[in-house]
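Source file: final01.txt (compact mmCIF, N, CA and C atoms and all ligand atoms)
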```txt
# COMPACT_ATOMS: atom_id res chain seq x y z
N MET A 87 0.83 -1.21 0.00
CA MET A 87 0.00 0.00 0.00
C MET A 87 0.87 1.26 0.00
N GLU A 88 0.41 2.24 -0.71
CA GLU A 88 1.18 3.47 -0.86
C GLU A 88 1.14 4.33 0.40
N ASP A 89 2.20 5.02 0.65
CA ASP A 89 2.24 5.91 1.80
C ASP A 89 1.55 7.22 1.42
N LEU A 90 0.41 7.45 2.05
CA LEU A 90 -0.38 8.62 1.67
C LEU A 90 -0.06 9.88 2.50
N ARG A 91 0.91 9.75 3.37
CA ARG A 91 1.25 10.93 4.18
C ARG A 91 1.84 12.04 3.32
N ILE A 92 1.35 13.22 3.52
CA ILE A 92 1.85 14.36 2.75
C ILE A 92 2.75 15.17 3.69
N ASP A 93 3.79 15.70 3.13
CA ASP A 93 4.68 16.53 3.93
C ASP A 93 4.04 17.91 4.10
N ILE A 94 3.46 18.12 5.28
CA ILE A 94 2.76 19.38 5.53
C ILE A 94 3.71 20.36 6.23
N PRO A 95 3.86 21.55 5.66
CA PRO A 95 4.75 22.52 6.31
C PRO A 95 4.16 23.06 7.61
N THR A 96 5.04 23.45 8.51
CA THR A 96 4.60 23.99 9.79
C THR A 96 4.96 25.47 9.87
N VAL A 97 3.98 26.26 10.27
CA VAL A 97 4.20 27.69 10.45
C VAL A 97 4.34 27.95 11.94
N GLU A 98 5.37 28.69 12.30
CA GLU A 98 5.54 29.03 13.71
C GLU A 98 4.80 30.33 13.99
N LYS A 99 3.98 30.30 15.02
CA LYS A 99 3.17 31.48 15.34
C LYS A 99 3.40 31.83 16.81
N TYR A 100 3.82 33.06 17.01
CA TYR A 100 4.05 33.50 18.38
C TYR A 100 2.75 33.96 19.01
N MET A 101 2.54 33.54 20.23
CA MET A 101 1.34 33.94 20.94
C MET A 101 1.72 34.99 21.97
N LYS A 102 1.08 36.14 21.88
CA LYS A 102 1.37 37.20 22.84
C LYS A 102 0.85 36.81 24.21
N LYS A 103 1.47 37.39 25.19
CA LYS A 103 1.00 37.17 26.56
C LYS A 103 -0.42 37.72 26.64
N PRO A 104 -1.37 36.87 26.97
CA PRO A 104 -2.76 37.35 26.93
C PRO A 104 -3.08 38.35 28.03
N LEU A 105 -3.95 39.29 27.67
CA LEU A 105 -4.39 40.28 28.66
C LEU A 105 -5.25 39.61 29.72
N LEU A 106 -5.98 38.62 29.26
CA LEU A 106 -6.86 37.87 30.16
C LEU A 106 -6.45 36.40 30.11
N PRO A 107 -6.65 35.68 31.21
CA PRO A 107 -6.34 34.25 31.15
C PRO A 107 -7.17 33.55 30.08
N TYR A 108 -6.58 32.54 29.44
CA TYR A 108 -7.23 31.88 28.32
C TYR A 108 -8.59 31.29 28.72
N GLY A 109 -8.66 30.74 29.92
CA GLY A 109 -9.91 30.16 30.40
C GLY A 109 -11.05 31.16 30.40
N LEU A 110 -10.74 32.38 30.85
CA LEU A 110 -11.74 33.44 30.90
C LEU A 110 -12.23 33.81 29.51
N LYS A 111 -11.27 33.89 28.58
CA LYS A 111 -11.62 34.22 27.20
C LYS A 111 -12.50 33.12 26.62
N ARG A 112 -12.09 31.88 26.90
CA ARG A 112 -12.78 30.75 26.30
C ARG A 112 -14.19 30.57 26.85
N PHE A 113 -14.33 30.79 28.15
CA PHE A 113 -15.63 30.49 28.76
C PHE A 113 -16.54 31.69 28.93
N ILE A 114 -16.00 32.89 28.74
CA ILE A 114 -16.87 34.06 28.86
C ILE A 114 -16.96 34.81 27.52
N PHE A 115 -15.82 35.25 27.00
CA PHE A 115 -15.82 36.04 25.76
C PHE A 115 -16.38 35.24 24.58
N TYR A 116 -15.91 34.02 24.44
CA TYR A 116 -16.32 33.24 23.27
C TYR A 116 -17.81 32.91 23.28
N PRO A 117 -18.37 32.33 24.39
CA PRO A 117 -19.81 32.09 24.41
C PRO A 117 -20.62 33.37 24.29
N ALA A 118 -20.19 34.43 24.97
CA ALA A 118 -20.92 35.70 24.90
C ALA A 118 -20.94 36.23 23.46
N GLY A 119 -19.79 36.15 22.80
CA GLY A 119 -19.70 36.61 21.41
C GLY A 119 -20.57 35.78 20.49
N MET A 120 -20.57 34.47 20.71
CA MET A 120 -21.36 33.56 19.89
C MET A 120 -22.85 33.82 20.07
N ILE A 121 -23.27 33.98 21.34
CA ILE A 121 -24.69 34.21 21.64
C ILE A 121 -25.15 35.54 21.03
N MET A 122 -24.33 36.58 21.23
CA MET A 122 -24.69 37.90 20.69
C MET A 122 -24.79 37.85 19.16
N THR A 123 -23.85 37.14 18.53
CA THR A 123 -23.87 37.01 17.08
C THR A 123 -25.12 36.26 16.61
N ALA A 124 -25.42 35.14 17.29
CA ALA A 124 -26.58 34.32 16.93
C ALA A 124 -27.89 35.07 17.13
N VAL A 125 -28.02 35.74 18.29
CA VAL A 125 -29.23 36.51 18.57
C VAL A 125 -29.36 37.66 17.57
N GLY A 126 -28.22 38.26 17.25
CA GLY A 126 -28.20 39.35 16.26
C GLY A 126 -28.73 38.90 14.92
N ILE A 127 -28.30 37.71 14.49
CA ILE A 127 -28.76 37.17 13.19
C ILE A 127 -30.26 36.89 13.27
N ALA A 128 -30.69 36.26 14.38
CA ALA A 128 -32.10 35.90 14.55
C ALA A 128 -32.99 37.15 14.51
N LEU A 129 -32.55 38.21 15.21
CA LEU A 129 -33.34 39.44 15.25
C LEU A 129 -33.36 40.13 13.88
N SER A 130 -32.25 40.00 13.15
CA SER A 130 -32.15 40.64 11.84
C SER A 130 -33.10 40.03 10.81
N LEU A 131 -33.58 38.83 11.09
CA LEU A 131 -34.51 38.17 10.17
C LEU A 131 -35.84 38.91 10.13
N THR A 132 -36.17 39.54 11.25
CA THR A 132 -37.37 40.37 11.29
C THR A 132 -36.94 41.80 10.97
N LEU A 133 -37.54 42.37 9.99
CA LEU A 133 -37.11 43.68 9.50
C LEU A 133 -37.07 44.74 10.59
N PHE A 134 -38.12 44.79 11.40
CA PHE A 134 -38.19 45.81 12.44
C PHE A 134 -37.11 45.62 13.49
N LEU A 135 -36.88 44.35 13.88
CA LEU A 135 -35.91 44.05 14.93
C LEU A 135 -34.45 44.11 14.45
N ALA A 136 -34.27 44.28 13.14
CA ALA A 136 -32.91 44.38 12.60
C ALA A 136 -32.18 45.61 13.15
N ILE A 137 -32.96 46.61 13.57
CA ILE A 137 -32.39 47.82 14.17
C ILE A 137 -31.58 47.44 15.41
N ILE A 138 -32.06 46.45 16.15
CA ILE A 138 -31.35 45.98 17.34
C ILE A 138 -30.39 44.85 16.94
N GLY A 139 -30.85 44.02 16.02
CA GLY A 139 -30.11 42.81 15.64
C GLY A 139 -28.75 43.07 15.01
N ILE A 140 -28.69 44.02 14.08
CA ILE A 140 -27.43 44.28 13.36
C ILE A 140 -26.33 44.79 14.30
N PRO A 141 -26.61 45.81 15.15
CA PRO A 141 -25.55 46.23 16.08
C PRO A 141 -25.12 45.12 17.03
N LEU A 142 -26.08 44.28 17.44
CA LEU A 142 -25.78 43.16 18.34
C LEU A 142 -24.87 42.16 17.66
N PHE A 143 -25.14 41.91 16.38
CA PHE A 143 -24.32 40.99 15.59
C PHE A 143 -22.89 41.52 15.46
N LEU A 144 -22.77 42.82 15.16
CA LEU A 144 -21.45 43.44 15.01
C LEU A 144 -20.70 43.44 16.34
N ALA A 145 -21.42 43.71 17.44
CA ALA A 145 -20.80 43.71 18.76
C ALA A 145 -20.30 42.31 19.12
N GLY A 146 -21.08 41.31 18.76
CA GLY A 146 -20.71 39.92 19.03
C GLY A 146 -19.46 39.53 18.28
N MET A 147 -19.37 39.93 17.01
CA MET A 147 -18.20 39.63 16.19
C MET A 147 -16.96 40.33 16.75
N THR A 148 -17.14 41.59 17.17
CA THR A 148 -16.04 42.37 17.74
C THR A 148 -15.51 41.69 19.00
N LEU A 149 -16.44 41.21 19.81
CA LEU A 149 -16.08 40.54 21.06
C LEU A 149 -15.25 39.29 20.78
N LEU A 150 -15.59 38.57 19.72
CA LEU A 150 -14.85 37.37 19.35
C LEU A 150 -13.42 37.70 18.94
N VAL A 151 -13.26 38.81 18.22
CA VAL A 151 -11.93 39.21 17.77
C VAL A 151 -11.11 39.76 18.95
N ILE A 152 -11.74 40.64 19.75
CA ILE A 152 -11.05 41.21 20.92
C ILE A 152 -10.67 40.10 21.90
N GLY A 153 -11.54 39.13 22.03
CA GLY A 153 -11.28 38.01 22.93
C GLY A 153 -10.08 37.16 22.53
N GLY A 154 -9.50 37.47 21.38
CA GLY A 154 -8.29 36.79 20.94
C GLY A 154 -8.57 35.39 20.41
N VAL A 155 -9.82 35.15 20.08
CA VAL A 155 -10.17 33.82 19.58
C VAL A 155 -9.64 33.65 18.16
N ALA A 156 -9.66 34.75 17.41
CA ALA A 156 -9.19 34.68 16.03
C ALA A 156 -7.78 35.25 15.91
N GLN A 157 -6.96 34.61 15.09
CA GLN A 157 -5.59 35.06 14.83
C GLN A 157 -5.35 34.95 13.33
N THR A 158 -4.44 35.76 12.84
CA THR A 158 -4.11 35.64 11.42
C THR A 158 -2.77 34.91 11.27
N VAL A 159 -2.74 33.98 10.35
CA VAL A 159 -1.53 33.21 10.05
C VAL A 159 -1.30 33.30 8.55
N GLN A 160 -0.03 33.54 8.18
CA GLN A 160 0.28 33.68 6.77
C GLN A 160 0.59 32.32 6.14
N CYS A 161 0.01 32.10 4.98
CA CYS A 161 0.23 30.85 4.26
C CYS A 161 1.66 30.80 3.70
N PRO A 162 2.40 29.71 3.94
CA PRO A 162 3.79 29.63 3.45
C PRO A 162 3.88 29.48 1.93
N TYR A 163 2.80 29.11 1.28
CA TYR A 163 2.82 28.92 -0.17
C TYR A 163 2.54 30.22 -0.93
N CYS A 164 1.48 30.92 -0.51
CA CYS A 164 1.05 32.07 -1.32
C CYS A 164 1.00 33.37 -0.52
N ASP A 165 1.45 33.36 0.74
CA ASP A 165 1.51 34.55 1.59
C ASP A 165 0.14 35.15 1.93
N LYS A 166 -0.90 34.42 1.70
CA LYS A 166 -2.24 34.91 2.03
C LYS A 166 -2.45 34.81 3.55
N SER A 167 -2.98 35.88 4.14
CA SER A 167 -3.29 35.86 5.57
C SER A 167 -4.61 35.14 5.80
N ASN A 168 -4.56 34.13 6.64
CA ASN A 168 -5.76 33.34 6.93
C ASN A 168 -6.17 33.56 8.38
N MET A 169 -7.47 33.67 8.61
CA MET A 169 -7.99 33.78 9.97
C MET A 169 -8.12 32.38 10.55
N VAL A 170 -7.51 32.15 11.68
CA VAL A 170 -7.62 30.85 12.32
C VAL A 170 -8.03 31.03 13.78
N ARG A 171 -8.57 30.01 14.35
CA ARG A 171 -8.90 30.04 15.77
C ARG A 171 -7.62 29.84 16.56
N GLU A 172 -7.49 30.60 17.63
CA GLU A 172 -6.30 30.48 18.46
C GLU A 172 -6.16 29.05 18.95
N ARG A 173 -4.93 28.56 18.89
CA ARG A 173 -4.57 27.22 19.33
C ARG A 173 -5.09 26.10 18.44
N SER A 174 -5.58 26.43 17.25
CA SER A 174 -5.97 25.34 16.36
C SER A 174 -4.71 24.72 15.78
N GLU A 175 -4.74 23.43 15.53
CA GLU A 175 -3.53 22.70 15.14
C GLU A 175 -3.13 22.93 13.68
N ASP A 176 -4.13 23.14 12.85
CA ASP A 176 -3.82 23.34 11.44
C ASP A 176 -4.92 24.15 10.77
N PHE A 177 -4.68 24.53 9.53
CA PHE A 177 -5.70 25.23 8.75
C PHE A 177 -5.50 24.94 7.27
N LYS A 178 -6.53 25.23 6.50
CA LYS A 178 -6.45 25.06 5.06
C LYS A 178 -6.49 26.47 4.47
N CYS A 179 -5.52 26.79 3.65
CA CYS A 179 -5.44 28.13 3.08
C CYS A 179 -6.67 28.43 2.23
N LYS A 180 -7.22 29.64 2.44
CA LYS A 180 -8.42 30.03 1.71
C LYS A 180 -8.16 30.18 0.22
N ARG A 181 -6.93 30.61 -0.13
CA ARG A 181 -6.64 30.87 -1.54
C ARG A 181 -6.17 29.62 -2.27
N CYS A 182 -5.11 28.96 -1.76
CA CYS A 182 -4.55 27.84 -2.50
C CYS A 182 -5.01 26.48 -1.96
N GLU A 183 -5.79 26.50 -0.87
CA GLU A 183 -6.40 25.29 -0.31
C GLU A 183 -5.40 24.22 0.11
N LYS A 184 -4.17 24.63 0.45
CA LYS A 184 -3.18 23.67 0.91
C LYS A 184 -3.19 23.63 2.43
N PRO A 185 -3.02 22.43 3.00
CA PRO A 185 -3.02 22.34 4.46
C PRO A 185 -1.72 22.83 5.07
N VAL A 186 -1.83 23.52 6.19
CA VAL A 186 -0.65 24.04 6.89
C VAL A 186 -0.82 23.76 8.38
N LYS A 187 0.26 23.27 8.99
CA LYS A 187 0.23 23.04 10.43
C LYS A 187 0.68 24.30 11.15
N ILE A 188 0.18 24.50 12.36
CA ILE A 188 0.61 25.66 13.14
C ILE A 188 1.28 25.18 14.42
N SER A 189 2.44 25.74 14.67
CA SER A 189 3.14 25.45 15.91
C SER A 189 3.09 26.71 16.77
N TRP A 190 2.31 26.67 17.83
CA TRP A 190 2.14 27.85 18.69
C TRP A 190 3.31 27.97 19.65
N ILE A 191 3.93 29.14 19.65
CA ILE A 191 5.04 29.37 20.56
C ILE A 191 4.60 30.41 21.59
N TYR A 192 4.73 30.02 22.83
CA TYR A 192 4.29 30.91 23.90
C TYR A 192 5.41 31.87 24.25
N GLU A 193 5.11 33.15 24.17
CA GLU A 193 6.10 34.15 24.56
C GLU A 193 6.21 34.14 26.07
N LYS A 194 7.43 33.97 26.53
CA LYS A 194 7.62 33.90 27.98
C LYS A 194 7.44 35.28 28.60
N PRO A 195 6.72 35.34 29.71
CA PRO A 195 6.57 36.64 30.37
C PRO A 195 7.91 37.13 30.90
N ARG A 196 8.11 38.45 30.80
CA ARG A 196 9.37 39.02 31.26
C ARG A 196 9.52 38.90 32.78
N PRO A 197 10.73 38.58 33.25
CA PRO A 197 10.93 38.43 34.68
C PRO A 197 10.90 39.77 35.42
ZN ZN B 201 -2.04 29.68 0.39
```
What does the file become when written as structure tokens?
Ligand SMILES: [Zn+2]
Amino acid sequence: MEDLRIDIPTVEKYMKKPLLPYGLKRFIFYPAGMIMTAVGIALSLTLFLAIIGIPLFLAGMTLLVIGGVAQTVQCPYCDKSNMVRERSEDFKCKRCEKPVKISWIYEKPRP
């Protein structure tokens, strides 16, 4: 049988010292952002409630980005910046669709 393993390149990504502990971001910012985004979409389906829904949706998305859930990683093949979830192991480039592994490097806090 043929060896189907592909040599996937690894991108090193430095993680900044978080302003908030990761647990807090994961269990408060992320669910809050998701709920606000979902409720925003639901309210936007009704024309009248879209006045409340759209700002709620935008606020939810902002919360997800501020919460540090999303990070940008550059594709080693085509230099395209891809949005990935923090601490995800790999991603598929949006432009060239090639798989790339991510190696997260934790920046040590200064003594
Ligand atoms: Zn690419």
> Can you tell me which residues sit at most 8 Å away from ligand ZN 201 (chain B), counting all atoms listed in the file, written as a PyMOL selection string?
Replying inline: chain A and resi 160-167+178-185
> What lies within 6.5 Å of A:Met101 using only N, CA and C atoms, ignoring chain neighbours under 6 positions off, as a ChimeraX atom specification?
Replying inline: /A:190-193
>> I need the residues of stretch 104-190 of chain A that end up classed as strand (DSSP E) by DSSP on the backbone, written out as JSON, numbers by chain.
In response: {"A": [156, 157, 158, 159, 160, 167, 168, 169, 170, 171, 176, 177, 178, 185, 186, 187, 188, 189, 190]}
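Atom N of A:Pro95 is found 13.2 Å from atom C of A:Val159.
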> Please, what distance in Å, to one decimal, runs between atom C of A:Thr158 and atom CA of A:Ile140?
Replying inline: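 Result for atom C of A:Thr158 versus atom CA of A:Ile140: 26.5 Å, one decimal.
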>> Measuring between only N, CA and C atoms, which one of A:Leu142, A:Val170, A:Val97, A:Ile137 shows the shortest distance to A:Val125?
In response: A:Leu142
>> Please compute the atom N of A:Pro117-atom N of A:Arg173 distance, one decimal, in Å.
In response: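 Separation of atom N of A:Pro117 and atom N of A:Arg173: 15.0 Å.
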> Which polymer residues have any atom within 8 Å of an atom of A:Ile138, counting all atoms listed in the file, with same-chain residues fewer than 6 positions away left out, as a list in words?
Replying inline: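 Near A:Ile138, the qualifying residues are Val125, Gly126, Ile127, Leu129 and Ser130 of chain A.
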